[in-house]
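Asks: Structure incoming, see below.
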Amino acid sequence: MKGKGVIVFALLVGAAWLGYRSLPPYYNPFAPLQLSDPPGRITQFKLRRLSAEQCQALLAEANQRHLITSQKVADSAGACPLTNVVRVRDFGDVRLSSSFLASCPLALSSALFVEQQAKPLAQQLMGSPLRQIDHFGSYACRNIYHRENARLSEHATADALDISAFRFANGKSVTVLKGWPRPETQPFLRALLASSCNYYGNGLGPEYNAAHANHFHLGMRGYGLCR
């Protein structure tokens with residue numbers, strides 16, 4: 001019986017190994033991230049474990065594929081120094097109300113979020129292509145909630161973007177402040193905020209607290225807190 005047990009165990013281990021080797025790369029958490037990987041926890045895991053060099057290489061590829069237009073910005077010193085940041089000018093055919101500074105992880109995560117979630121959800125739930133995202137900015141050298149004795153905000157390292165509104169090809173627009181309580185626009189906004197968990201460390205909206213009543217805070221800190 002002991003010998004049979006060893007044989008069965010070896011067969012199980014072999015089957016598990018073969019199953020692992022045959023996994024599609026996007027289901028393998030240890031395979032390199034591809035821009036075409038579908039959204040989900042595995043993709044989020046891969047995004048979180050990218051090295052600086054891997055992130056920069058993928059961001060360059062995203063630029064080549066017109067998912068984003070970003071430009072390298074010189075490092076800066078001061079109370080809130082910035083290193084390896086870029087200026088994001090658009091997300092392909094989705095314009096921005098203004099350009100913004102972003103760490104490489106924020107820029108790459110945002111490009112995937114817009115391409116894989118915001119654009120399809122706009123077409124599906126709003127019936128029109130997404131054409132512009134309005135925002136309140138990303139980089140600000142301050143503590144969270146501007147409190148004197150609090151820790152530094154994600155904005156102090158250009159690791160968060162505050163999105164305030166979405167504009168569509170049919171001329172309509174939806175703000176977070178006015179659109180969240182409306183039955184005709186709330187499903188779109190809720191779906192966006194929920195899907196941000198696949199790309200960002202945290203996504204905070206109107207139901208998180210009063211400070212976020214008029215925008216979505218999408219930041220890299222944490223691991224999938226979206227509310």
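By convention here, the chains of the structure tokens are called A, B, ... in the order presented, each chain's residues are numbered starting at 1, and ligands are numbered starting at 1 in the order presented.
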Residues of range 23-64 of chain A that have any atom at most 9 Å from an atom of range 81-94 of chain A: could you tabulate them with the shortest-distance atom pair and the distance in Å to one decimal, using only C-alpha atoms, ordered by chain and increasing number, as a Markdown table?

Replies:
| residue | atom | partner | partner_atom | distance |
| --- | --- | --- | --- | --- |
| A:Ala52 | CA | A:Asn84 | CA | 8.3 |
| A:Gln56 | CA | A:Asn84 | CA | 8.8 |
| A:Asn63 | CA | A:Gly92 | CA | 8.4 |

Asks: Just the selected residues (N, CA, C and O atoms), exported as a compact mmCIF listing (two decimals), in the first residue's frame, please.

Replies:
# COMPACT_ATOMS: atom_id res chain seq x y z
N ALA A 52 10.65 48.56 -11.63
CA ALA A 52 10.65 49.86 -12.31
C ALA A 52 10.96 49.70 -13.80
O ALA A 52 10.34 50.34 -14.65
N GLN A 56 8.39 50.57 -16.96
CA GLN A 56 8.77 51.52 -18.00
C GLN A 56 8.70 50.90 -19.38
O GLN A 56 8.28 51.54 -20.35
N ASN A 63 2.45 53.32 -25.10
CA ASN A 63 2.55 54.52 -25.93
C ASN A 63 2.57 54.15 -27.40
O ASN A 63 1.90 54.79 -28.22

Asks: Output as a PyMOL selection string all residues of range 68-185 of chain A that backbone DSSP marks as alpha helix (DSSP H).

Replies: chain A and resi 104-113+119-121+176-179

Asks: Write out, as a PDB file, in the first residue's frame, the residues just selected, with N, CA and C atoms.

Replies:
ATOM      1  N   CYS A 104       5.043  55.767 -12.832  1.00  0.00           N
ATOM      2  CA  CYS A 104       4.861  54.770 -13.885  1.00  0.00           C
ATOM      3  C   CYS A 104       3.723  53.808 -13.555  1.00  0.00           C
ATOM      4  N   PRO A 105       3.621  53.275 -12.323  1.00  0.00           N
ATOM      5  CA  PRO A 105       2.499  52.378 -12.030  1.00  0.00           C
ATOM      6  C   PRO A 105       1.138  53.039 -12.209  1.00  0.00           C
ATOM      7  N   LEU A 106       1.004  54.301 -11.807  1.00  0.00           N
ATOM      8  CA  LEU A 106      -0.271  54.992 -11.973  1.00  0.00           C
ATOM      9  C   LEU A 106      -0.593  55.184 -13.454  1.00  0.00           C
ATOM     10  N   ALA A 107       0.396  55.591 -14.237  1.00  0.00           N
ATOM     11  CA  ALA A 107       0.174  55.819 -15.664  1.00  0.00           C
ATOM     12  C   ALA A 107      -0.218  54.530 -16.369  1.00  0.00           C
ATOM     13  N   LEU A 108       0.509  53.446 -16.103  1.00  0.00           N
ATOM     14  CA  LEU A 108       0.229  52.173 -16.766  1.00  0.00           C
ATOM     15  C   LEU A 108      -1.119  51.611 -16.335  1.00  0.00           C
ATOM     16  N   SER A 109      -1.401  51.626 -15.039  1.00  0.00           N
ATOM     17  CA  SER A 109      -2.679  51.123 -14.542  1.00  0.00           C
ATOM     18  C   SER A 109      -3.837  51.918 -15.121  1.00  0.00           C
ATOM     19  N   SER A 110      -3.674  53.233 -15.226  1.00  0.00           N
ATOM     20  CA  SER A 110      -4.735  54.085 -15.756  1.00  0.00           C
ATOM     21  C   SER A 110      -4.970  53.818 -17.238  1.00  0.00           C
ATOM     22  N   ALA A 111      -3.903  53.591 -17.994  1.00  0.00           N
ATOM     23  CA  ALA A 111      -4.060  53.290 -19.417  1.00  0.00           C
ATOM     24  C   ALA A 111      -4.860  52.012 -19.619  1.00  0.00           C
ATOM     25  N   LEU A 112      -4.570  50.988 -18.821  1.00  0.00           N
ATOM     26  CA  LEU A 112      -5.303  49.726 -18.928  1.00  0.00           C
ATOM     27  C   LEU A 112      -6.742  49.885 -18.450  1.00  0.00           C
ATOM     28  N   PHE A 113      -6.935  50.640 -17.376  1.00  0.00           N
ATOM     29  CA  PHE A 113      -8.273  50.876 -16.845  1.00  0.00           C
ATOM     30  C   PHE A 113      -9.164  51.574 -17.874  1.00  0.00           C
ATOM     31  N   LYS A 119     -13.806  52.676 -21.430  1.00  0.00           N
ATOM     32  CA  LYS A 119     -14.322  52.763 -22.799  1.00  0.00           C
ATOM     33  C   LYS A 119     -15.444  51.748 -23.074  1.00  0.00           C
ATOM     34  N   PRO A 120     -15.267  50.475 -22.731  1.00  0.00           N
ATOM     35  CA  PRO A 120     -16.375  49.533 -22.957  1.00  0.00           C
ATOM     36  C   PRO A 120     -17.618  49.853 -22.128  1.00  0.00           C
ATOM     37  N   LEU A 121     -17.435  50.265 -20.878  1.00  0.00           N
ATOM     38  CA  LEU A 121     -18.585  50.576 -20.026  1.00  0.00           C
ATOM     39  C   LEU A 121     -19.339  51.805 -20.531  1.00  0.00           C
ATOM     40  N   VAL A 176     -19.211  63.043 -11.279  1.00  0.00           N
ATOM     41  CA  VAL A 176     -19.367  62.151 -10.140  1.00  0.00           C
ATOM     42  C   VAL A 176     -20.349  62.748  -9.136  1.00  0.00           C
ATOM     43  N   LEU A 177     -20.265  64.049  -8.920  1.00  0.00           N
ATOM     44  CA  LEU A 177     -21.106  64.703  -7.922  1.00  0.00           C
ATOM     45  C   LEU A 177     -22.586  64.577  -8.252  1.00  0.00           C
ATOM     46  N   LYS A 178     -22.983  64.930  -9.477  1.00  0.00           N
ATOM     47  CA  LYS A 178     -24.396  64.918  -9.848  1.00  0.00           C
ATOM     48  C   LYS A 178     -24.849  63.570 -10.404  1.00  0.00           C
ATOM     49  N   GLY A 179     -23.926  62.820 -10.979  1.00  0.00           N
ATOM     50  CA  GLY A 179     -24.306  61.562 -11.611  1.00  0.00           C
ATOM     51  C   GLY A 179     -24.481  60.410 -10.653  1.00  0.00           C
TER      52      GLY A 179
END

Asks: Of the candidates A:Pro129, A:Pro206, A:Pro25, A:Pro187, which one gets nearest to Lys172 in chain A if we count only C-alpha atoms?

Replies: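 Ranking A:Pro129, A:Pro206, A:Pro25, A:Pro187 by distance to Lys172 in chain A, first place goes to A:Pro129.
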
Asks: Given only C-alpha atoms as the basis, pick out the residue of A:Leu204, A:Cys197, A:Ala211, A:Ala156 nearest to Gly224 in chain A.

Replies: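 Looking only at the distances to Gly224 in chain A, the closest residue turns out to be A:Cys197.
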
Asks: Within 9 Å of Tyr223 in chain A, counting only C-alpha atoms, which residues show up once you throw out same-chain ones fewer than 2 positions away? Write them as a VMD selection string, please.

Replies: chain A and resid 44 to 45 48 197 200 to 202 220 to 221 225

Asks: Please save C-alpha atoms of the selected residues as a compact mmCIF listing (two decimals), in the first residue's frame.

Replies:
# COMPACT_ATOMS: atom_id res chain seq x y z
CA GLN A 44 -3.65 43.17 -10.62
CA PHE A 45 -1.09 40.95 -8.89
CA ARG A 48 1.71 45.29 -8.29
CA CYS A 197 -10.12 47.30 -8.08
CA TYR A 200 -5.43 50.25 -8.50
CA GLY A 201 -4.60 49.67 -4.87
CA ASN A 202 -7.62 51.75 -3.86
CA MET A 220 -1.76 52.81 -5.95
CA ARG A 221 -1.54 52.33 -2.17
CA LEU A 225 -9.98 48.55 -1.66

Asks: Give the answer as one residue: which of A:Ser76, A:Leu35, A:Tyr27, A:Tyr145 has the shortest atom-to-atom distance to Ala60 in chain A, using only C-alpha atoms?

Replies: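 When distances to Ala60 in chain A are compared using only C-alpha atoms, the smallest one comes from A:Leu35.
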
Asks: For CA of Gly40 in chain A and CA of Ser164 in chain A, quote the distance in Å rounded to one decimal.

Replies: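 According to the coordinates, CA of Gly40 in chain A and CA of Ser164 in chain A are separated by 24.6 Å.
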
Asks: So which residues touch range 78-80 of chain A within 10 Å, counting only C-alpha atoms, skipping near sequence neighbours fewer than 6 positions away, as a PyMOL selection string?

Replies: chain A and resi 139-142+152+155-158

Asks: Which is closer to Ile68 in chain A than all the others in A:Leu218, A:Val114, A:Ile144, A:Ile42, using only C-alpha atoms?

Replies: A:Val114

Asks: Which value, in Å to one decimal, gives the distance between CA of Ala160 in chain A and CA of His217 in chain A?

Replies: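 Calculated distance between CA of Ala160 in chain A and CA of His217 in chain A is 6.7 Å.
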
Asks: Could you give me, as a PyMOL selection string, the residues within 12 Å of Val174 in chain A, counting only C-alpha atoms and dropping anything in the same chain fewer than 2 positions from it?

Replies: chain A and resi 122+126+130-134+163-168+170-172+176-182+184-189+214-215

Asks: Can you tell me, as a ChimeraX atom specification, which residues in chain A count as strand (DSSP E) by DSSP?

Replies: /A:69-73,85-90,95-96,100-103,130-137,160-168,173-175,202-204,216-219,225-226
